[in-house]
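Shown next, in structure tokens, is the structure this report addresses.
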2 protein chains.
Amino acid sequence: MYELTIHLQSKSKMPLYEQIYRYIKREIQEGRIASGEKLPSTRALCRHLEVSRSTVEMAYEQLLSEGYIEARACRGYYAARLDGLYQLTELDPVKSEKKNFDHKKYDYDFTPNGVDLKSFPYNIWRRLSRECLIDDRAELFRLGDPRGEYGLRNAICSYLHQARGVNCTPEQIIVGAGSDYLLMLLAAVMGQGHRVALENPTYRQAYRLFENLAYEVRTVDLDEKGMRVDELEKTGADIAFVMPSHQYPLGVVMPLGRRMELLKWANEEKNRYIIEDDYDSEFRYKGKPIPALQGYDACGKVIYVGTFSKSIAPSIRMSYMVLPEPLLHRYEKRCGFISSTVSKVDQLILQKFIEEGYFERHLNKTRALYKNRHDVLLSCLKEIQADFTVSGENAGVHLLLHFHNGQTEEELIAAAAEKNVKVYGLSGYYVGERGDKKQQRDAVILLGYANMKEENIHRAAALLAEAWT
Amino acid sequence: MYELTIHLQSKSKMPLYEQIYRYIKREIQEGRIASGEKLPSTRALCRHLEVSRSTVEMAYEQLLSEGYIEARACRGYYAARLDGLYQLTELDPVKSEKKNFDHKKYDYDFTPNGVDLKSFPYNIWRRLSRECLIDDRAELFRLGDPRGEYGLRNAICSYLHQARGVNCTPEQIIVGAGSDYLLMLLAAVMGQGHRVALENPTYRQAYRLFENLAYEVRTVDLDEKGMRVDELEKTGADIAFVMPSHQYPLGVVMPLGRRMELLKWANEEKNRYIIEDDYDSEFRYKGKPIPALQGYDACGKVIYVGTFSKSIAPSIRMSYMVLPEPLLHRYEKRCGFISSTVSKVDQLILQKFIEEGYFERHLNKTRALYKNRHDVLLSCLKEIQADFTVSGENAGVHLLLHFHNGQTEEELIAAAAEKNVKVYGLSGYYVGERGDKKQQRDAVILLGYANMKEENIHRAAALLAEAWT
């Protein structure tokens, strides 16, 4: 029998049983205890090491459960054969990715895609996460409903009804890991042979995604009310992708009349649908709130898509779509077997976050925060002596400056960059032919403020004033 | 000025400032404090309520941050206008889904898709989750790398190299929310116009998914070595979907020779690829381990797909695929913009779980657990006096019984169901024409044991013996 002399560190943070387990495991792994060799009995070893018997028993239990030793009835413990046992060595120390491009560093960045993460309620999220995990419930780790957990869908349903005027049941809601994923899933639901029309300019990511998902893609110009329905008609599209609450990037809020026209277009053919992307409807500063397009849809024509990326945090990866009845049946038939893409734990945390009122608080807090930044930016812009007008300022977290002084977007962006301020040109949001005609248009600059503290807005706006005048 | 007389509950679990905040919020929401009305100063209110000034200040701070009150310089606090403020009421009490079908309840269920969740290391997962969230790091809630966090991909890369002989760099790994999602993403990477061949019988979910993703789908028969390459050739497919480590459901382990034939097939045409689904390769009980097919691929032909659903838990929704160089470029170009489907927090927890050695321990523990169940089931089956042979018993978490006594699958399943034992027929795994020819084949029953305690295996096997003899 092998003599086990283990130098136990009684002051170590590592429990004694863990030290014994690790020592014996290594002895077996490195062949100093050969396969088939008998180990000391727990009684002998605890006396030898001067520890309690239960300590040694716990160590043996762990070794047994992982297959390093085996128990033979009435004879004791023996080192097991190791074939098949996983023995993973430490990781290579290389832990950071080599990036072979370097970005210019800016002092201020008016990204239109920012989210303020300082106001994220970390403490509450952590507490809810702890509460969800506390119960050792195996249920939480079993595969859940493909559409998402019912409790979460119920909470989303209630929120959508109250805050957005969306009419639906929890059964119509499908939770997914991000809007990109949900559009992929939707493509699988709809199947082949569709033509989708998007506003131009638009959210380019959606355009590229549709292009890759076997749709024919068309673009439709906007006027001051949003997507032109006469132009939509001409494209021959059967699906229209719109952002009526706050068009990205133009910031147009589609008035009721245009919404009705759009619904009328959809009702004219059996297979026409409207995808309503309500990506940042949570933030609105002026004017009467207009319910979601979905709320006016009596014929099951609108697919409503929303996300918690903007209203909570981009990395939590939870979005949802509301399918109208006809598509719900198609979803169940064609895609009902596709597993949910969101972990149950995360769904439960979010459900509690909504149910216990934290989502309401967080929405009001970030809305107030963004409204202050919005007001500060607008007042700072008034002091810039350049020939531009402002649009898109009633909602969302960015606005647009339309220049009428002959300067090009490139010139304006470059002048800002000289002052280490990053601003964004509208041209990048156009797709197709329109995307190449920027010379013929006035220069338009986008300024996002979600991620800019008020004092930084003051400073950055002063730099822009220098750059542009 | 409004007189605020709040009945504070000093013994409540709710902090005093929260009670004041809630009271005033409700007064404003319900119009008892009108918009524009002045609130008492913090000094007056703390004296009136006999609480500390900082308590009142915290309550006002909260009301201010959510937009219920506004501060006017040198004049104090005023109730704000409420338009635009979110006021979500409590949820409807209906919280459980109406299901209008009822399942037969079985005492024992030999599902081939089970996972033992009792051995899930809840305490460790909870601790790691707490550690990840403790730092209040905004970074954790920013949008991450579309391919997944580098640290996690590095950990997976190291595991795959050591445990599966997969040759890759972290740059080739894409983390996604489940294998279904990764196959959807892969379809977007590959684009249109492909024909994919699957083994028959197969994992039907993959078959249905490919069908819905605009692939032409073909099936190829297996012999005792796995997918027949001569038959594959005849289908004209350019993509082969195989499970060489442990074919589902037949349990065939593809020998080296057949693997080489398959790679040769792929090398014959520039655009041919092999999808290797290594869904449960972690569990192997007998015979020499064969590295993944990907490890033999010198020409960038194999797309390797793996998951933590089987090895950790189904609901954590983390899988990964390894793209060969040519497809990696296509991924970056066509799909590199699609956001990751896994939350950063979850990725970090898993990374720590692997890096700190818990994954290795858990693998060894579940493997030992499943091996015991596997051994018990095999020995119990020997006592059943029916004319069947066993196959697929060297790996995975299920095995197959081939009956030669003329009984049909339906009869065998029904007889087991009479004893309240649920068993599964192989027919359900066939697709297309072959799926309809079950009468011409011997009856084959699948028994999964991952989710069955040893004593239950004994009891259920005794019931099967009664049912089948």
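Quick note on naming: the chains in the structure tokens go A, B, ... in the order shown, residues restart at 1 in each chain, and ligands are numbered from 1 in order of appearance.
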
Polymer residues at most 9 Å from B:Asp346, only C-alpha atoms, same-chain spacing of 3 or more positions, as a PyMOL selection string: (chain A and resi 343+346) or (chain B and resi 129+132+316+318+342-343+349-351)

Serialized selection, N, CA, C and O atoms, as a PDB file, in the first residue's frame:
ATOM      1  N   SER A 343     -31.053  31.533 -22.267  1.00  0.00           N
ATOM      2  CA  SER A 343     -31.004  30.613 -21.129  1.00  0.00           C
ATOM      3  C   SER A 343     -32.165  30.907 -20.188  1.00  0.00           C
ATOM      4  O   SER A 343     -32.615  32.035 -20.050  1.00  0.00           O
ATOM      5  N   ASP A 346     -31.507  33.507 -17.375  1.00  0.00           N
ATOM      6  CA  ASP A 346     -31.594  34.892 -17.829  1.00  0.00           C
ATOM      7  C   ASP A 346     -33.052  35.322 -18.030  1.00  0.00           C
ATOM      8  O   ASP A 346     -33.422  36.454 -17.727  1.00  0.00           O
TER       9      ASP A 346
ATOM     10  N   SER B 129     -21.114  32.923 -11.004  1.00  0.00           N
ATOM     11  CA  SER B 129     -22.033  33.945 -11.495  1.00  0.00           C
ATOM     12  C   SER B 129     -21.943  35.189 -10.621  1.00  0.00           C
ATOM     13  O   SER B 129     -21.931  36.323 -11.108  1.00  0.00           O
ATOM     14  N   CYS B 132     -18.726  37.017 -11.349  1.00  0.00           N
ATOM     15  CA  CYS B 132     -18.758  37.743 -12.624  1.00  0.00           C
ATOM     16  C   CYS B 132     -19.520  39.049 -12.500  1.00  0.00           C
ATOM     17  O   CYS B 132     -19.199  40.030 -13.149  1.00  0.00           O
ATOM     18  N   ILE B 316     -28.483  26.040 -20.676  1.00  0.00           N
ATOM     19  CA  ILE B 316     -27.539  27.163 -20.682  1.00  0.00           C
ATOM     20  C   ILE B 316     -27.327  27.729 -22.075  1.00  0.00           C
ATOM     21  O   ILE B 316     -26.776  28.800 -22.242  1.00  0.00           O
ATOM     22  N   MET B 318     -25.429  27.190 -24.849  1.00  0.00           N
ATOM     23  CA  MET B 318     -24.139  27.570 -25.424  1.00  0.00           C
ATOM     24  C   MET B 318     -23.581  26.421 -26.243  1.00  0.00           C
ATOM     25  O   MET B 318     -23.371  25.328 -25.737  1.00  0.00           O
ATOM     26  N   VAL B 342     -25.242  34.998 -27.305  1.00  0.00           N
ATOM     27  CA  VAL B 342     -25.063  34.603 -25.909  1.00  0.00           C
ATOM     28  C   VAL B 342     -24.640  35.818 -25.085  1.00  0.00           C
ATOM     29  O   VAL B 342     -23.773  36.582 -25.504  1.00  0.00           O
ATOM     30  N   SER B 343     -25.253  35.994 -23.927  1.00  0.00           N
ATOM     31  CA  SER B 343     -24.928  37.156 -23.104  1.00  0.00           C
ATOM     32  C   SER B 343     -23.496  37.046 -22.601  1.00  0.00           C
ATOM     33  O   SER B 343     -22.973  35.963 -22.365  1.00  0.00           O
ATOM     34  N   ILE B 349     -19.051  33.309 -17.198  1.00  0.00           N
ATOM     35  CA  ILE B 349     -19.235  32.236 -16.216  1.00  0.00           C
ATOM     36  C   ILE B 349     -18.676  30.929 -16.786  1.00  0.00           C
ATOM     37  O   ILE B 349     -17.907  30.224 -16.136  1.00  0.00           O
ATOM     38  N   LEU B 350     -19.029  30.629 -18.010  1.00  0.00           N
ATOM     39  CA  LEU B 350     -18.577  29.379 -18.618  1.00  0.00           C
ATOM     40  C   LEU B 350     -17.051  29.361 -18.774  1.00  0.00           C
ATOM     41  O   LEU B 350     -16.402  28.343 -18.532  1.00  0.00           O
ATOM     42  N   GLN B 351     -16.501  30.507 -19.154  1.00  0.00           N
ATOM     43  CA  GLN B 351     -15.043  30.587 -19.297  1.00  0.00           C
ATOM     44  C   GLN B 351     -14.348  30.247 -17.977  1.00  0.00           C
ATOM     45  O   GLN B 351     -13.412  29.447 -17.935  1.00  0.00           O
TER      46      GLN B 351
END

Per-residue DSSP, stretch 144-295 of chain B, filtered to strand (DSSP E or B), as a PyMOL selection string: chain B and resi 173-176+195-200+216-223+226-227+239-242+273-277+284

Could you write out the selected residues, including N, CA and C atoms, as a PDB file, in the first residue's frame?
ATOM      1  N   ILE B 173     -13.341  29.892 -33.946  1.00  0.00           N
ATOM      2  CA  ILE B 173     -14.486  29.430 -33.154  1.00  0.00           C
ATOM      3  C   ILE B 173     -15.574  30.491 -33.096  1.00  0.00           C
ATOM      4  N   ILE B 174     -16.811  30.055 -33.295  1.00  0.00           N
ATOM      5  CA  ILE B 174     -17.955  30.949 -33.156  1.00  0.00           C
ATOM      6  C   ILE B 174     -18.894  30.354 -32.116  1.00  0.00           C
ATOM      7  N   VAL B 175     -19.146  31.129 -31.070  1.00  0.00           N
ATOM      8  CA  VAL B 175     -20.014  30.684 -29.986  1.00  0.00           C
ATOM      9  C   VAL B 175     -21.436  31.126 -30.313  1.00  0.00           C
ATOM     10  N   GLY B 176     -22.409  30.256 -30.075  1.00  0.00           N
ATOM     11  CA  GLY B 176     -23.791  30.642 -30.365  1.00  0.00           C
ATOM     12  C   GLY B 176     -24.758  29.976 -29.415  1.00  0.00           C
ATOM     13  N   ARG B 195     -26.887  21.476 -51.532  1.00  0.00           N
ATOM     14  CA  ARG B 195     -27.610  20.248 -51.276  1.00  0.00           C
ATOM     15  C   ARG B 195     -26.899  19.526 -50.138  1.00  0.00           C
ATOM     16  N   VAL B 196     -27.625  19.232 -49.087  1.00  0.00           N
ATOM     17  CA  VAL B 196     -27.000  18.611 -47.915  1.00  0.00           C
ATOM     18  C   VAL B 196     -27.502  17.178 -47.758  1.00  0.00           C
ATOM     19  N   ALA B 197     -26.572  16.273 -47.458  1.00  0.00           N
ATOM     20  CA  ALA B 197     -26.934  14.869 -47.254  1.00  0.00           C
ATOM     21  C   ALA B 197     -26.764  14.509 -45.790  1.00  0.00           C
ATOM     22  N   LEU B 198     -27.779  13.860 -45.227  1.00  0.00           N
ATOM     23  CA  LEU B 198     -27.712  13.417 -43.839  1.00  0.00           C
ATOM     24  C   LEU B 198     -27.823  11.905 -43.799  1.00  0.00           C
ATOM     25  N   GLU B 199     -27.306  11.335 -42.721  1.00  0.00           N
ATOM     26  CA  GLU B 199     -27.475   9.905 -42.499  1.00  0.00           C
ATOM     27  C   GLU B 199     -28.960   9.619 -42.274  1.00  0.00           C
ATOM     28  N   ASN B 200     -29.382   8.382 -42.581  1.00  0.00           N
ATOM     29  CA  ASN B 200     -30.771   7.982 -42.339  1.00  0.00           C
ATOM     30  C   ASN B 200     -30.762   6.624 -41.641  1.00  0.00           C
ATOM     31  N   GLU B 216     -31.482  21.932 -50.351  1.00  0.00           N
ATOM     32  CA  GLU B 216     -32.066  20.675 -50.799  1.00  0.00           C
ATOM     33  C   GLU B 216     -31.540  19.611 -49.852  1.00  0.00           C
ATOM     34  N   VAL B 217     -32.388  18.715 -49.423  1.00  0.00           N
ATOM     35  CA  VAL B 217     -31.957  17.733 -48.433  1.00  0.00           C
ATOM     36  C   VAL B 217     -32.059  16.324 -49.012  1.00  0.00           C
ATOM     37  N   ARG B 218     -31.025  15.525 -48.808  1.00  0.00           N
ATOM     38  CA  ARG B 218     -31.027  14.121 -49.231  1.00  0.00           C
ATOM     39  C   ARG B 218     -30.641  13.253 -48.038  1.00  0.00           C
ATOM     40  N   THR B 219     -30.998  11.983 -48.101  1.00  0.00           N
ATOM     41  CA  THR B 219     -30.542  11.096 -47.041  1.00  0.00           C
ATOM     42  C   THR B 219     -29.691   9.981 -47.633  1.00  0.00           C
ATOM     43  N   VAL B 220     -28.793   9.470 -46.802  1.00  0.00           N
ATOM     44  CA  VAL B 220     -27.860   8.431 -47.225  1.00  0.00           C
ATOM     45  C   VAL B 220     -27.927   7.309 -46.200  1.00  0.00           C
ATOM     46  N   ASP B 221     -27.987   6.071 -46.672  1.00  0.00           N
ATOM     47  CA  ASP B 221     -28.033   4.954 -45.735  1.00  0.00           C
ATOM     48  C   ASP B 221     -26.694   4.774 -45.029  1.00  0.00           C
ATOM     49  N   LEU B 222     -26.760   4.134 -43.880  1.00  0.00           N
ATOM     50  CA  LEU B 222     -25.547   3.806 -43.141  1.00  0.00           C
ATOM     51  C   LEU B 222     -25.284   2.320 -43.266  1.00  0.00           C
ATOM     52  N   ASP B 223     -24.005   1.942 -43.215  1.00  0.00           N
ATOM     53  CA  ASP B 223     -23.699   0.549 -42.926  1.00  0.00           C
ATOM     54  C   ASP B 223     -23.048   0.523 -41.539  1.00  0.00           C
ATOM     55  N   GLY B 226     -20.947   3.585 -40.692  1.00  0.00           N
ATOM     56  CA  GLY B 226     -21.494   4.939 -40.775  1.00  0.00           C
ATOM     57  C   GLY B 226     -21.960   5.262 -42.179  1.00  0.00           C
ATOM     58  N   MET B 227     -22.022   6.537 -42.512  1.00  0.00           N
ATOM     59  CA  MET B 227     -22.546   6.980 -43.806  1.00  0.00           C
ATOM     60  C   MET B 227     -21.786   6.332 -44.960  1.00  0.00           C
ATOM     61  N   ILE B 239     -22.713  19.082 -49.350  1.00  0.00           N
ATOM     62  CA  ILE B 239     -22.472  19.140 -47.904  1.00  0.00           C
ATOM     63  C   ILE B 239     -22.937  17.823 -47.284  1.00  0.00           C
ATOM     64  N   ALA B 240     -22.073  17.218 -46.467  1.00  0.00           N
ATOM     65  CA  ALA B 240     -22.462  16.007 -45.745  1.00  0.00           C
ATOM     66  C   ALA B 240     -22.542  16.338 -44.264  1.00  0.00           C
ATOM     67  N   PHE B 241     -23.670  15.976 -43.647  1.00  0.00           N
ATOM     68  CA  PHE B 241     -23.851  16.201 -42.209  1.00  0.00           C
ATOM     69  C   PHE B 241     -23.704  14.851 -41.513  1.00  0.00           C
ATOM     70  N   VAL B 242     -22.653  14.692 -40.708  1.00  0.00           N
ATOM     71  CA  VAL B 242     -22.401  13.396 -40.071  1.00  0.00           C
ATOM     72  C   VAL B 242     -22.099  13.537 -38.579  1.00  0.00           C
ATOM     73  N   TYR B 273     -18.202  20.361 -48.386  1.00  0.00           N
ATOM     74  CA  TYR B 273     -17.880  20.484 -46.962  1.00  0.00           C
ATOM     75  C   TYR B 273     -18.540  19.372 -46.162  1.00  0.00           C
ATOM     76  N   ILE B 274     -17.936  19.109 -44.996  1.00  0.00           N
ATOM     77  CA  ILE B 274     -18.519  18.138 -44.069  1.00  0.00           C
ATOM     78  C   ILE B 274     -18.881  18.870 -42.778  1.00  0.00           C
ATOM     79  N   ILE B 275     -20.132  18.723 -42.334  1.00  0.00           N
ATOM     80  CA  ILE B 275     -20.493  19.228 -41.000  1.00  0.00           C
ATOM     81  C   ILE B 275     -20.371  18.062 -40.033  1.00  0.00           C
ATOM     82  N   GLU B 276     -19.464  18.206 -39.064  1.00  0.00           N
ATOM     83  CA  GLU B 276     -19.276  17.155 -38.056  1.00  0.00           C
ATOM     84  C   GLU B 276     -19.998  17.572 -36.784  1.00  0.00           C
ATOM     85  N   ASP B 277     -21.091  16.880 -36.463  1.00  0.00           N
ATOM     86  CA  ASP B 277     -21.824  17.199 -35.243  1.00  0.00           C
ATOM     87  C   ASP B 277     -21.322  16.272 -34.136  1.00  0.00           C
ATOM     88  N   ARG B 284     -17.881   8.194 -23.476  1.00  0.00           N
ATOM     89  CA  ARG B 284     -17.401   7.051 -24.204  1.00  0.00           C
ATOM     90  C   ARG B 284     -16.915   6.053 -23.171  1.00  0.00           C
TER      91      ARG B 284
END

Closest atom pairs, residues of chain B within 7 Å of chain A, only C-alpha atoms, as CSV:
residue,atom,partner,partner_atom,distance
B:Ser65,CA,A:Lys365,CA,5.2
B:Glu66,CA,A:Lys365,CA,4.0
B:Gly67,CA,A:Ala368,CA,5.7
B:Leu85,CA,A:Asn364,CA,6.1
B:Tyr86,CA,A:Glu360,CA,6.1
B:Gln87,CA,A:Glu360,CA,6.8
B:Leu88,CA,A:Glu360,CA,6.5
B:Leu91,CA,A:Ser158,CA,6.3
B:Lys95,CA,A:Gly151,CA,5.9
B:Ser96,CA,A:Tyr150,CA,6.7
B:Glu97,CA,A:Tyr150,CA,6.4
B:Leu117,CA,A:Ala138,CA,5.7
B:Lys118,CA,A:Ala138,CA,6.7
B:Tyr122,CA,A:Asp136,CA,6.0
B:Arg126,CA,A:Leu133,CA,6.2
B:Leu133,CA,A:Arg126,CA,6.2
B:Asp136,CA,A:Tyr122,CA,6.0
B:Ala138,CA,A:Leu117,CA,5.7
B:Phe141,CA,A:Ser315,CA,4.7
B:Arg142,CA,A:Ser315,CA,5.2
B:Leu143,CA,A:Ser315,CA,4.6
B:Gly144,CA,A:Ser315,CA,6.6
B:Tyr150,CA,A:Glu97,CA,6.4
B:Gly151,CA,A:Lys95,CA,5.9
B:Asn154,CA,A:Lys95,CA,6.9
B:Ala155,CA,A:Leu91,CA,6.7
B:Ser158,CA,A:Leu91,CA,6.3
B:Tyr159,CA,A:Leu88,CA,6.8
B:Gln162,CA,A:Leu88,CA,6.5
B:Ala163,CA,A:Tyr86,CA,7.0
B:Ala177,CA,A:Thr341,CA,4.9
B:Gly178,CA,A:Thr341,CA,6.4
B:Asp180,CA,A:Ile338,CA,6.3
B:Ala188,CA,A:Asn212,CA,5.8
B:Gly191,CA,A:Asn212,CA,6.8
B:Gln192,CA,A:Ala214,CA,6.9
B:Asn212,CA,A:Ala188,CA,5.8
B:Leu213,CA,A:Ala188,CA,6.2
B:Ala214,CA,A:Gln192,CA,6.9
B:Ala313,CA,A:Phe141,CA,5.7
B:Pro314,CA,A:Leu143,CA,5.1
B:Ser315,CA,A:Leu143,CA,4.6
B:Ile316,CA,A:Ser343,CA,4.9
B:Arg317,CA,A:Ser343,CA,5.5
B:Ile338,CA,A:Asp180,CA,6.3
B:Ser339,CA,A:Asp180,CA,6.8
B:Thr341,CA,A:Ala177,CA,4.9
B:Val342,CA,A:Arg317,CA,6.4
B:Ser343,CA,A:Ile316,CA,4.9
B:Lys344,CA,A:Ser315,CA,6.0
B:Glu355,CA,A:Leu91,CA,7.0
B:Glu360,CA,A:Tyr86,CA,6.1
B:Arg361,CA,A:Glu66,CA,6.4
B:Asn364,CA,A:Glu66,CA,4.6
B:Lys365,CA,A:Glu66,CA,4.0
B:Ala368,CA,A:Gly67,CA,5.7

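In this model, the gap between atom CA of A:Ser319 and atom CA of A:Arg164 comes to 15.2 Å.
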
Point-to-point distance in Å for atom CA of B:His402 and atom CA of B:Ala417: 18.3 Å

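Shortest atom-to-atom contact with B:Asp278 among B:Gly396, B:Lys382, B:Tyr215, B:Arg22: B:Gly396, counting only C-alpha atoms.
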
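If you measure from each of B:Leu183, B:Leu377, B:Cys168, B:Leu16 to B:Glu325 using only C-alpha atoms, the closest one turns out to be B:Cys168.
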
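Around B:Ala292, within 7 Å and counting only C-alpha atoms, the residues found are Arg164, Gly165, Val166, Ser245, Ile290, Gln294 and Gly295 of chain B, once anything fewer than 2 positions away on its own chain is removed.
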
Would you output that residue set with N, CA and C atoms, as a CSV table (one decimal), in the first residue's frame?
chain,number,residue,atom,x,y,z
B,164,ARG,N,-10.5,16.4,-27.8
B,164,ARG,CA,-11.1,16.0,-29.1
B,164,ARG,C,-10.1,16.0,-30.2
B,165,GLY,N,-8.9,16.4,-30.0
B,165,GLY,CA,-7.9,16.4,-31.1
B,165,GLY,C,-8.3,17.4,-32.2
B,166,VAL,N,-9.1,18.4,-31.9
B,166,VAL,CA,-9.5,19.4,-32.9
B,166,VAL,C,-8.4,20.4,-33.1
B,245,SER,N,-18.4,10.5,-34.2
B,245,SER,CA,-18.1,10.0,-32.9
B,245,SER,C,-19.1,9.1,-32.3
B,290,ILE,N,-11.2,7.9,-30.6
B,290,ILE,CA,-10.9,8.4,-31.9
B,290,ILE,C,-11.1,9.9,-31.9
B,294,GLN,N,-12.4,16.4,-37.6
B,294,GLN,CA,-11.8,17.7,-37.9
B,294,GLN,C,-10.3,17.6,-37.7
B,295,GLY,N,-9.8,16.7,-36.8
B,295,GLY,CA,-8.4,16.6,-36.5
B,295,GLY,C,-7.6,16.0,-37.7
